[in-house]
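Okay, input19.cif is below, mmCIF, C-alpha atoms and all ligand atoms:
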data_coords
#
loop_
_atom_site.label_atom_id
_atom_site.label_comp_id
_atom_site.auth_asym_id
_atom_site.auth_seq_id
_atom_site.Cartn_x
_atom_site.Cartn_y
_atom_site.Cartn_z
CA MET R 80 -20.68 7.81 19.09
CA THR R 81 -21.39 8.82 22.67
CA GLU R 82 -24.09 6.15 22.91
CA THR R 83 -21.51 3.48 22.11
CA LEU R 84 -19.19 4.41 24.96
CA ARG R 85 -21.47 4.05 27.93
CA LYS R 86 -19.91 2.30 30.91
CA GLY R 87 -22.00 -0.50 32.48
CA TRP R 88 -23.98 -1.17 29.31
CA CYS R 89 -24.65 -4.78 28.35
CA PRO R 90 -21.96 -4.92 25.67
CA GLY R 91 -22.43 -5.27 21.94
CA ALA R 92 -20.48 -4.46 18.80
CA LEU R 93 -22.27 -1.11 18.48
CA ALA R 94 -22.31 -0.53 22.24
CA PRO R 95 -18.93 -1.72 23.55
CA MET R 96 -18.60 -1.72 27.32
CA LEU R 97 -15.64 -0.27 29.17
CA SER R 98 -13.87 -2.70 31.49
CA GLY R 99 -10.57 -2.63 33.34
CA ASP R 100 -8.68 -3.94 30.31
CA GLY R 101 -10.35 -1.75 27.67
CA TYR R 102 -13.60 -2.07 25.76
CA ILE R 103 -15.50 -5.35 25.38
CA PHE R 104 -17.06 -6.06 21.97
CA ARG R 105 -19.77 -8.74 21.96
CA LEU R 106 -21.15 -10.36 18.83
CA ARG R 107 -24.59 -11.95 18.93
CA LEU R 108 -24.31 -14.68 16.30
CA THR R 109 -27.71 -15.97 15.20
CA ASN R 110 -28.17 -19.62 16.20
CA GLY R 111 -24.63 -19.62 17.64
CA ILE R 112 -23.34 -20.62 14.21
CA LEU R 113 -19.64 -19.89 13.77
CA PRO R 114 -18.34 -20.89 10.33
CA PHE R 115 -14.61 -21.64 10.26
CA GLU R 116 -13.68 -18.61 8.19
CA ARG R 117 -15.63 -16.32 10.48
CA ALA R 118 -13.89 -17.80 13.55
CA LYS R 119 -10.52 -17.06 11.94
CA ILE R 120 -11.56 -13.51 11.06
CA PHE R 121 -12.80 -12.95 14.62
CA ALA R 122 -9.46 -14.22 15.99
CA ASP R 123 -7.60 -11.88 13.66
CA LEU R 124 -9.70 -8.89 14.78
CA ALA R 125 -9.23 -9.83 18.45
CA ARG R 126 -5.47 -9.77 17.96
CA ARG R 127 -5.34 -6.58 15.89
CA PHE R 128 -7.85 -4.47 17.81
CA GLY R 129 -8.08 -6.13 21.23
CA ASN R 130 -5.72 -7.81 23.67
CA GLY R 131 -6.24 -11.24 22.07
CA ALA R 132 -8.60 -12.54 24.77
CA VAL R 133 -11.85 -14.10 23.54
CA ASP R 134 -14.81 -14.85 25.82
CA LEU R 135 -17.84 -17.08 25.27
CA SER R 136 -20.74 -15.67 27.26
CA ALA R 137 -23.44 -17.59 29.16
CA ARG R 138 -25.77 -16.67 26.30
CA ALA R 139 -23.56 -18.22 23.64
CA ASN R 140 -22.21 -14.88 22.41
CA LEU R 141 -18.60 -14.33 21.43
CA GLN R 142 -16.71 -11.31 22.68
CA MET R 143 -13.28 -9.80 22.34
CA ARG R 144 -11.64 -7.72 25.06
CA GLY R 145 -9.12 -5.00 25.52
CA VAL R 146 -10.10 -2.77 22.59
CA ALA R 147 -8.66 0.75 22.89
CA GLY R 148 -11.15 3.62 22.65
CA GLU R 149 -9.44 5.10 19.60
CA ASN R 150 -9.83 1.77 17.71
CA ILE R 151 -13.59 1.40 18.19
CA ALA R 152 -14.62 3.09 14.95
CA ASP R 153 -12.10 1.15 12.83
CA LEU R 154 -13.18 -2.17 14.35
CA GLN R 155 -16.84 -1.33 13.76
CA ASP R 156 -16.03 -0.47 10.14
CA GLU R 157 -14.47 -3.91 9.64
CA LEU R 158 -17.39 -5.68 11.32
CA ARG R 159 -19.84 -3.66 9.20
CA ALA R 160 -18.02 -4.69 6.04
CA LEU R 161 -18.41 -8.33 7.13
CA GLY R 162 -22.14 -7.85 7.61
CA LEU R 163 -21.86 -8.39 11.37
CA LEU R 164 -23.33 -5.10 12.59
CA ASP R 165 -26.99 -4.40 13.29
CA ALA R 166 -28.80 -1.29 12.08
CA ASP R 167 -28.36 0.42 15.46
CA ALA R 168 -27.30 -0.29 19.03
CA ARG R 169 -30.85 -0.76 20.33
CA ALA R 170 -31.72 -3.31 17.65
CA GLU R 171 -28.50 -5.15 18.47
CA ALA R 172 -29.05 -5.11 22.23
CA VAL R 173 -32.53 -6.63 22.03
CA ARG R 174 -31.42 -9.66 19.97
CA ASN R 175 -30.92 -11.86 23.01
CA VAL R 176 -31.97 -15.33 21.91
CA VAL R 177 -30.20 -18.44 23.23
CA PRO R 178 -30.38 -21.15 20.55
CA SER R 179 -30.16 -24.94 20.59
CA PRO R 180 -26.49 -25.63 19.83
CA LEU R 181 -27.06 -28.80 17.82
CA ALA R 182 -30.04 -27.56 15.78
CA GLY R 183 -30.01 -29.19 12.35
CA PHE R 184 -27.40 -31.79 13.42
CA ASP R 185 -29.45 -33.71 15.96
CA PRO R 186 -32.02 -36.11 14.48
CA SER R 187 -33.36 -36.84 17.98
CA ALA R 188 -34.49 -33.20 18.42
CA PRO R 189 -38.28 -32.84 18.03
CA LEU R 190 -37.77 -29.72 15.93
CA ASP R 191 -35.08 -27.72 14.16
CA ALA R 192 -35.06 -24.46 16.14
CA ARG R 193 -32.93 -22.47 13.64
CA PRO R 194 -35.74 -20.89 11.57
CA LEU R 195 -37.63 -19.98 14.74
CA VAL R 196 -34.55 -18.29 16.26
CA ALA R 197 -33.86 -16.39 13.05
CA ALA R 198 -37.47 -15.22 12.80
CA LEU R 199 -37.55 -14.16 16.46
CA GLU R 200 -34.31 -12.19 16.12
CA ALA R 201 -35.65 -10.46 13.00
CA LEU R 202 -38.83 -9.53 14.86
CA LEU R 203 -36.87 -8.13 17.82
CA ALA R 204 -34.62 -6.08 15.56
CA ARG R 205 -37.56 -4.78 13.50
CA GLU R 206 -40.12 -3.82 16.19
CA GLU R 207 -38.90 -0.59 17.74
CA ALA R 208 -41.37 -0.82 20.63
CA LEU R 209 -39.51 -3.95 21.79
CA HIS R 210 -36.21 -2.06 21.92
CA ASP R 211 -37.34 -0.78 25.32
CA LEU R 212 -36.82 -4.26 26.79
CA PRO R 213 -34.17 -4.11 29.55
CA ALA R 214 -30.59 -4.89 28.56
CA LYS R 215 -30.39 -8.38 30.03
CA PHE R 216 -33.90 -9.46 29.02
CA GLY R 217 -33.60 -12.60 26.92
CA PHE R 218 -35.34 -15.43 25.08
CA SER R 219 -34.45 -19.04 24.37
CA VAL R 220 -35.69 -21.50 21.77
CA ASP R 221 -34.90 -25.07 22.76
CA GLY R 222 -35.35 -27.72 20.06
CA GLY R 223 -34.76 -30.48 22.64
CA GLY R 224 -32.96 -33.70 21.70
CA PHE R 225 -29.42 -34.58 22.73
CA LEU R 226 -28.52 -31.20 24.27
CA PRO R 227 -31.63 -29.50 25.65
CA LEU R 228 -31.03 -26.05 27.15
CA ARG R 229 -30.81 -27.28 30.73
CA GLY R 230 -29.83 -24.78 33.36
CA VAL R 231 -30.21 -21.85 30.94
CA GLU R 232 -32.44 -19.21 32.51
CA THR R 233 -34.09 -16.73 30.19
CA ASP R 234 -37.07 -14.42 30.60
CA ILE R 235 -39.21 -15.99 27.87
CA ALA R 236 -38.34 -19.62 27.10
CA PHE R 237 -39.78 -21.79 24.37
CA ALA R 238 -39.01 -25.52 24.40
CA ALA R 239 -39.99 -28.33 22.03
CA LEU R 240 -42.40 -30.86 23.49
CA PRO R 241 -41.17 -34.45 23.05
CA GLY R 242 -43.48 -36.35 20.71
CA ALA R 243 -45.21 -33.16 19.51
CA PRO R 244 -42.88 -31.54 16.95
CA SER R 245 -45.24 -28.70 16.13
CA ARG R 246 -45.86 -27.68 19.77
CA LEU R 247 -43.76 -25.64 22.20
CA ALA R 248 -43.84 -25.31 25.97
CA LEU R 249 -43.62 -21.74 27.27
CA SER R 250 -41.92 -20.63 30.50
CA LEU R 251 -41.94 -17.10 31.88
CA GLY R 252 -39.16 -16.25 34.29
CA GLY R 253 -38.61 -19.97 34.83
CA ARG R 254 -42.27 -20.71 35.58
CA PRO R 255 -44.32 -22.96 33.22
CA ALA R 256 -46.91 -20.74 31.53
CA GLY R 257 -48.52 -22.65 28.67
CA GLU R 258 -48.23 -24.40 25.37
CA LEU R 259 -48.41 -23.01 21.84
CA ALA R 260 -48.10 -23.97 18.19
CA ALA R 261 -44.51 -23.57 16.99
CA GLN R 262 -45.72 -21.45 14.06
CA ASP R 263 -47.12 -18.90 16.55
CA LEU R 264 -43.79 -18.33 18.32
CA CYS R 265 -43.19 -14.81 16.99
CA VAL R 266 -46.76 -13.62 17.58
CA VAL R 267 -46.68 -14.99 21.12
CA ALA R 268 -43.19 -13.61 21.84
CA GLU R 269 -44.20 -10.13 20.72
CA SER R 270 -47.41 -10.12 22.79
CA LEU R 271 -45.55 -11.36 25.87
CA ALA R 272 -42.81 -8.76 25.47
CA ARG R 273 -45.36 -5.97 25.09
CA ASN R 274 -47.27 -7.20 28.17
CA PHE R 275 -44.02 -7.33 30.12
CA LEU R 276 -43.20 -3.73 29.14
CA ARG R 277 -46.68 -2.62 30.20
CA LEU R 278 -46.59 -4.43 33.54
CA ARG R 279 -42.95 -4.29 34.59
CA GLY R 280 -42.89 -1.06 36.58
CA GLN R 281 -39.32 -0.86 37.89
CA ASP R 282 -38.65 -4.59 37.37
CA ARG R 283 -36.03 -5.53 34.82
CA ARG R 284 -36.57 -9.29 34.62
CA MET R 285 -39.57 -11.47 33.90
CA SER R 286 -39.01 -13.54 37.06
CA ALA R 287 -39.60 -10.41 39.18
CA VAL R 288 -42.88 -9.60 37.40
CA VAL R 289 -44.04 -13.21 37.69
CA ALA R 290 -43.18 -13.23 41.39
CA ARG R 291 -45.19 -10.03 41.87
CA LEU R 292 -48.21 -10.67 39.62
CA GLY R 293 -48.15 -14.35 38.62
CA VAL R 294 -48.26 -15.40 34.95
CA ALA R 295 -51.96 -14.67 34.23
CA PRO R 296 -51.65 -10.89 33.49
CA LEU R 297 -48.68 -11.54 31.23
CA LEU R 298 -50.74 -14.00 29.17
CA GLU R 299 -53.54 -11.53 28.51
CA GLY R 300 -54.39 -11.68 24.79
CA VAL R 301 -51.67 -14.27 24.14
CA ALA R 302 -52.45 -17.43 22.14
CA VAL R 303 -51.30 -20.10 24.58
CA VAL R 304 -53.17 -22.94 26.27
CA ALA R 305 -52.80 -24.28 29.81
CA PRO R 306 -49.32 -25.18 31.02
CA PRO R 307 -48.03 -28.64 30.12
CA PRO R 308 -46.67 -30.86 32.89
CA THR R 309 -43.61 -29.33 34.52
CA ARG R 310 -40.43 -30.44 32.82
CA GLU R 311 -37.65 -31.87 34.93
CA GLU R 312 -35.01 -29.13 34.85
CA ALA R 313 -31.50 -30.00 35.89
CA ALA R 314 -28.25 -28.15 35.74
CA ALA R 315 -26.28 -28.82 32.58
CA GLN R 316 -23.87 -31.76 32.90
CA TYR R 317 -20.69 -31.79 30.94
CA ASP R 318 -20.77 -35.60 30.45
CA ASN R 319 -22.65 -35.30 27.18
CA ILE R 320 -21.17 -31.98 26.05
CA LEU R 321 -17.38 -32.33 26.25
CA GLY R 322 -15.15 -34.66 24.24
CA ALA R 323 -16.28 -36.86 21.34
CA GLN R 324 -20.04 -37.42 21.48
CA PRO R 325 -22.20 -39.51 19.13
CA CYS R 326 -25.34 -37.74 17.97
CA GLY R 327 -27.62 -39.41 15.46
CA GLY R 328 -25.47 -40.88 12.70
CA GLN R 329 -22.76 -38.27 13.25
CA ASN R 330 -20.57 -36.99 16.05
CA PHE R 331 -19.53 -33.73 17.59
CA VAL R 332 -16.62 -32.70 19.78
CA GLY R 333 -17.33 -30.36 22.68
CA ALA R 334 -14.39 -28.15 23.68
CA GLY R 335 -14.80 -26.33 27.00
CA LEU R 336 -13.29 -22.89 27.62
CA LEU R 337 -11.67 -22.42 31.01
CA PHE R 338 -13.81 -19.69 32.65
CA GLY R 339 -15.36 -19.13 29.23
CA ARG R 340 -12.13 -17.66 27.83
CA ILE R 341 -9.53 -18.56 25.24
CA ASP R 342 -7.07 -16.49 23.27
CA ALA R 343 -7.41 -15.62 19.62
CA ASP R 344 -4.67 -18.05 18.56
CA ALA R 345 -6.53 -20.96 20.20
CA LEU R 346 -9.81 -19.95 18.54
CA GLU R 347 -8.10 -19.83 15.17
CA ALA R 348 -6.39 -23.19 15.78
CA LEU R 349 -9.70 -24.72 16.86
CA ALA R 350 -11.28 -23.60 13.58
CA GLU R 351 -8.36 -24.98 11.57
CA GLN R 352 -8.24 -28.32 13.38
CA ALA R 353 -12.00 -28.84 13.23
CA GLN R 354 -12.09 -27.93 9.56
CA ALA R 355 -9.20 -30.32 8.78
CA SER R 356 -11.06 -33.08 10.66
CA GLY R 357 -14.04 -32.73 8.34
CA ALA R 358 -16.40 -30.93 10.75
CA ALA R 359 -19.21 -28.93 9.17
CA GLU R 360 -18.92 -25.84 11.37
CA LEU R 361 -18.56 -24.59 14.93
CA ARG R 362 -21.50 -23.97 17.26
CA LEU R 363 -21.46 -21.76 20.35
CA THR R 364 -23.24 -23.00 23.47
CA PRO R 365 -24.43 -21.30 26.67
CA TRP R 366 -22.26 -23.73 28.68
CA ARG R 367 -18.86 -22.16 27.95
CA ALA R 368 -18.11 -24.77 25.31
CA ILE R 369 -17.74 -24.67 21.54
CA LEU R 370 -18.91 -27.66 19.50
CA ALA R 371 -17.33 -28.91 16.28
CA VAL R 372 -20.33 -30.59 14.62
CA GLY R 373 -20.89 -33.07 11.78
CA LEU R 374 -17.86 -35.33 12.35
CA GLU R 375 -17.17 -38.99 11.53
CA ARG R 376 -16.49 -41.04 14.67
CA ALA R 377 -12.79 -41.66 14.07
CA ALA R 378 -12.19 -38.00 13.21
CA ALA R 379 -14.00 -36.90 16.36
CA VAL R 380 -11.92 -39.19 18.57
CA GLU R 381 -8.70 -38.00 16.95
CA LEU R 382 -9.67 -34.36 17.34
CA VAL R 383 -10.02 -34.62 21.14
CA PRO R 384 -6.30 -34.73 22.11
CA ARG R 385 -5.48 -32.06 19.54
CA LEU R 386 -7.96 -29.63 21.08
CA SER R 387 -6.82 -30.60 24.57
CA ALA R 388 -3.28 -29.62 23.58
CA LEU R 389 -4.61 -26.20 22.59
CA GLY R 390 -5.84 -25.63 26.15
CA PHE R 391 -9.51 -26.54 25.74
CA LEU R 392 -11.24 -28.68 28.37
CA LEU R 393 -12.29 -32.01 26.88
CA ASP R 394 -12.79 -34.12 30.02
CA ALA R 395 -15.98 -33.84 32.04
CA GLN R 396 -14.02 -35.04 35.11
CA ASP R 397 -11.78 -31.95 35.07
CA SER R 398 -12.30 -30.31 38.48
CA ARG R 399 -11.74 -26.84 36.99
CA LEU R 400 -15.21 -27.17 35.45
CA ALA R 401 -16.73 -26.86 38.94
CA PHE R 402 -15.44 -23.29 39.28
CA ALA R 403 -17.09 -20.13 38.04
CA ALA R 404 -14.96 -17.01 38.30
CA CYS R 405 -15.39 -13.56 36.84
CA PRO R 406 -12.48 -11.86 35.01
CA GLY R 407 -11.36 -10.36 38.36
CA ALA R 408 -8.22 -8.28 38.69
CA PRO R 409 -6.68 -6.75 36.70
CA ALA R 410 -9.32 -7.03 33.92
CA CYS R 411 -12.14 -5.52 36.00
CA SER R 412 -11.59 -2.26 37.83
CA SER R 413 -14.03 -3.30 40.60
CA ALA R 414 -12.14 -6.50 41.43
CA ARG R 415 -10.28 -6.93 44.71
CA GLY R 416 -8.38 -10.05 43.69
CA ASP R 417 -7.18 -12.34 40.91
CA VAL R 418 -10.08 -14.75 41.30
CA ARG R 419 -9.23 -16.97 38.34
CA ALA R 420 -5.73 -17.61 39.71
CA LEU R 421 -7.34 -18.55 43.01
CA ALA R 422 -9.76 -20.94 41.27
CA LEU R 423 -6.85 -22.71 39.56
CA ALA R 424 -5.02 -22.94 42.89
CA LEU R 425 -8.08 -24.49 44.56
CA ALA R 426 -9.16 -26.84 41.75
CA PRO R 427 -6.87 -29.73 42.80
CA TYR R 428 -8.66 -29.76 46.17
CA TRP R 429 -12.12 -30.13 44.61
CA SER R 430 -13.85 -32.44 42.14
CA ALA R 431 -15.95 -31.96 39.03
CA GLN R 432 -18.87 -33.76 40.69
CA ALA R 433 -18.85 -31.61 43.82
CA ASP R 434 -20.97 -28.48 44.29
CA ARG R 435 -20.31 -25.46 42.14
CA VAL R 436 -17.76 -22.99 43.55
CA HIS R 437 -18.23 -19.36 42.59
CA ILE R 438 -15.27 -17.02 43.13
CA SER R 439 -16.12 -13.38 42.65
CA GLY R 440 -13.95 -10.27 42.51
CA CYS R 441 -16.66 -8.24 44.29
CA GLU R 442 -20.22 -8.54 45.62
CA LYS R 443 -21.76 -8.04 42.19
CA GLY R 444 -21.21 -11.71 41.35
CA CYS R 445 -21.17 -11.38 37.54
CA ALA R 446 -19.96 -14.92 36.84
CA PHE R 447 -22.76 -16.95 38.41
CA ASN R 448 -26.26 -15.89 39.40
CA SER R 449 -27.41 -18.97 41.33
CA PRO R 450 -26.63 -20.02 44.90
CA ALA R 451 -23.27 -21.80 45.22
CA LEU R 452 -20.35 -22.18 47.56
CA THR R 453 -19.23 -18.58 47.04
CA LEU R 454 -15.98 -16.76 47.76
CA VAL R 455 -15.83 -12.99 47.43
CA ALA R 456 -12.56 -11.06 47.30
CA GLU R 457 -12.25 -8.42 50.01
CA ALA R 458 -9.45 -6.07 51.01
CA ASP R 459 -8.07 -8.57 53.55
CA GLY R 460 -8.73 -11.98 52.03
CA TYR R 461 -11.83 -13.84 50.93
CA ALA R 462 -15.32 -13.93 52.41
CA LEU R 463 -17.16 -17.26 52.34
CA ILE R 464 -20.88 -17.65 51.73
CA ASP R 465 -21.71 -21.29 52.43
CA PHE R 466 -24.47 -21.59 49.83
CA GLY R 467 -25.69 -18.34 48.41
CA LEU R 468 -25.03 -15.37 46.18
CA ALA R 469 -22.00 -13.08 46.24
CA ARG R 470 -24.03 -10.23 47.73
CA GLU R 471 -25.28 -12.30 50.70
CA LYS R 472 -23.95 -12.34 54.27
CA PRO R 473 -20.72 -14.33 54.65
CA SER R 474 -20.22 -16.95 57.34
CA ALA R 475 -16.46 -16.28 57.44
CA ARG R 476 -14.13 -13.52 56.31
CA GLY R 477 -10.42 -12.85 55.85
CA LEU R 478 -9.65 -16.33 54.49
CA ASP R 479 -6.29 -16.75 52.75
CA LEU R 480 -5.25 -19.45 50.28
CA ALA R 481 -4.15 -21.90 52.99
CA ALA R 482 -7.42 -21.51 54.88
CA LEU R 483 -9.44 -21.92 51.70
CA ARG R 484 -7.54 -25.08 50.70
CA SER R 485 -8.23 -26.53 54.09
CA ARG R 486 -11.95 -25.62 53.92
CA LEU R 487 -12.41 -27.10 50.48
CA THR R 488 -10.50 -30.25 51.37
CA SER R 489 -12.76 -30.97 54.33
CA LEU R 490 -15.89 -30.05 52.40
CA ALA R 491 -14.89 -32.35 49.52
CA GLN R 492 -14.18 -35.16 51.96
CA GLY R 493 -17.56 -34.59 53.61
CA MET R 494 -19.27 -34.90 50.24
CA ARG R 495 -17.55 -38.19 49.51
CA VAL R 496 -18.68 -39.77 52.81
S1 LIG W 1 -18.11 -9.58 39.92
FE1 LIG W 1 -17.23 -7.57 40.37
S2 LIG W 1 -15.06 -7.87 40.00
FE2 LIG W 1 -16.09 -9.54 38.97
S3 LIG W 1 -16.39 -8.84 36.87
FE3 LIG W 1 -18.27 -8.35 38.03
S4 LIG W 1 -17.94 -6.23 38.71
FE4 LIG W 1 -15.93 -7.05 38.12
#
For the file at hand, write its structure as structure tokens.
Amino acid sequence: MTETLRKGWCPGALAPMLSGDGYIFRLRLTNGILPFERAKIFADLARRFGNGAVDLSARANLQMRGVAGENIADLQDELRALGLLDADARAEAVRNVVPSPLAGFDPSAPLDARPLVAALEALLAREEALHDLPAKFGFSVDGGGFLPLRGVETDIAFAALPGAPSRLALSLGGRPAGELAAQDLCVVAESLARNFLRLRGQDRRMSAVVARLGVAPLLEGVAVVAPPPTREEAAAQYDNILGAQPCGGQNFVGAGLLFGRIDADALEALAEQAQASGAAELRLTPWRAILAVGLERAAAVELVPRLSALGFLLDAQDSRLAFAACPGAPACSSARGDVRALALALAPYWSAQADRVHISGCEKGCAFNSPALTLVAEADGYALIDFGLAREKPSARGLDLAALRSRLTSLAQGMRV
């Protein structure tokens, strides 16, 4: 049991992580598939064992919060009985594969990524040598189509090539590295992971190894051919994720989670409403949104206001979508402020189309790992980093709410000019 109680661990169901509000349990659901009954069970467990808060992570994993230490074993027993626990904590931790959220429901996708994701996860769980991969090391398998995995950074990324359904583009640490046959994905993934482990030294992420050595040593003995043309990568836009969206002959409804969080009652109600509307199932995405897929058009349109009433974000113009904020105080013991309350107070002074604003409870910057207009809570107000990371040097300090409103108002006006 001691292994499961380590503070600072990337959380799992077998390795819960201690936070300010209790232990965090994270479930890695293969292909992000969340059947209605499973969503309701998860909501029930979050209420009974946790504090009722449910998070959707940037890797499309679902987590419950606020679990008391003495309840860990009972919760694990229930998850085990549902078939939701891995063989051990290391096998669980290594199954970091971001899937295509519409796989199997999107006829415009060059390939159905589901079998590839399932095979890759099975390989990672099975091969003990790969359990030495660092905690945050991750993969993605992007089937392309209506919702490609834009803005999702993983260490080893496979992406379908338009017009070539049996071929995949490979990126290592965000850098194009080659092209391979889709059927070779597992062989290539294993070779790359082993090469990374051999070459990584003290580095924990592929991008650091690529920056130090380039991609060539990592490709040694790996069956890939020269890189394809660089794909245009853009940050994910909510315009084609949230609300009722046509996709092939069907529709889906994308429901955004404010700061990636809802409560268990809302998750359960989402499952019930989507099921009653005739949706096939729920899909988790890496963009803090849950999709109800396989809907008729009229049912999708009718579902939108019902999910909005539950507190989900259905409108891509909602300025709250521009804010990233970590749990902050009191959930995290390192936090120096209630950053989510501040984000809600500042949202009316910003717009969904403006630059991303990252508000962080401390310099660690858990909520957003790219440069942004960043505010960091300090003992005497907020520090401002004009465009950077939470750990970088601020251009101003000691800002209170009034000063921040004024700053954002003038910045937003400047952007509109
Ligand atoms: S950024 Fe700091 S305060 Fe926020 S969750 Fe991470 S460690 Fe906690």
Exercise. Write out as a PyMOL selection string which residues come within 9 Å of R:Val372 when counting all atoms listed in the file, dropping same-chain ones fewer than 5 positions away.
Key: chain R and resi 181+184+329-333+353+358-362
Practice problem: Please identify all polymer residues within 6 Å of stretch 432-443 of chain R, counting all atoms listed in the file, omitting same-chain residues fewer than 4 positions from it, and present them as a ChimeraX atom specification. | Solution: /R:401-405,407,414-416,418,451-456,469-470
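Considering all atoms listed in the file, the residue among R:Ala272, R:Leu292, R:Ala166, R:Ala172 positioned nearest to R:Leu209 is R:Ala272.
Using all atoms listed in the file, the shortest contact distance between ligand LIG 1 (chain W) and any of R:Ile235, R:Ala268, R:Leu247, R:Ala446 is found at R:Ala446.
Taking atom CA of R:Leu421 and atom CA of R:Leu349 as endpoints, the distance between them is 27.0 Å.
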Give me the residues near stretch 489-493 of chain R as an mmCIF file with C-alpha atoms, in the frame of the given file, where near means some atom within 7 Å (using all atoms listed in the file) and where sequence neighbours in that chain fewer than 3 positions away do not count.
data_model
loop_
_atom_site.group_PDB
_atom_site.id
_atom_site.type_symbol
_atom_site.label_atom_id
_atom_site.label_comp_id
_atom_site.auth_asym_id
_atom_site.auth_seq_id
_atom_site.Cartn_x
_atom_site.Cartn_y
_atom_site.Cartn_z
ATOM 1 C CA TRP R 429 -12.120 -30.130 44.610
ATOM 2 C CA ALA R 433 -18.850 -31.610 43.820
ATOM 3 C CA SER R 485 -8.230 -26.530 54.090
ATOM 4 C CA ARG R 486 -11.950 -25.620 53.920
ATOM 5 C CA VAL R 496 -18.680 -39.770 52.810
#
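Minimum atom-to-atom distance to ligand LIG 1 (chain W), evaluated using only C-alpha atoms and all ligand atoms, belongs to R:Leu97 out of R:Leu97, R:Leu346, R:Ala302, R:Leu124.
Residue nearest R:Gly328, chosen from R:Arg340, R:Arg376, R:Arg291, R:Arg127 and counting only C-alpha atoms: R:Arg376.
For the set R:Phe237, R:Trp366, R:Phe338, R:Phe115, the residue with the smallest atom-to-atom gap to ligand LIG 1 (chain W) is R:Phe338, counting all atoms listed in the file.
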Exercise. Go through R:Ala214, R:Ala345, R:Ser98, R:Pro384 one by one, measure the shortest atom-to-atom distance of each to ligand LIG 1 (chain W) using only C-alpha atoms and all ligand atoms, and give the residue with the smallest value.
Key: R:Ser98
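Atom CA of R:Gly357 sits 23.4 Å away from atom CA of R:Leu135.
Atom pair atom S3 of ligand LIG 1 (chain W) / atom CA of R:Gly111 has a distance of 23.5 Å (rounded to one decimal).
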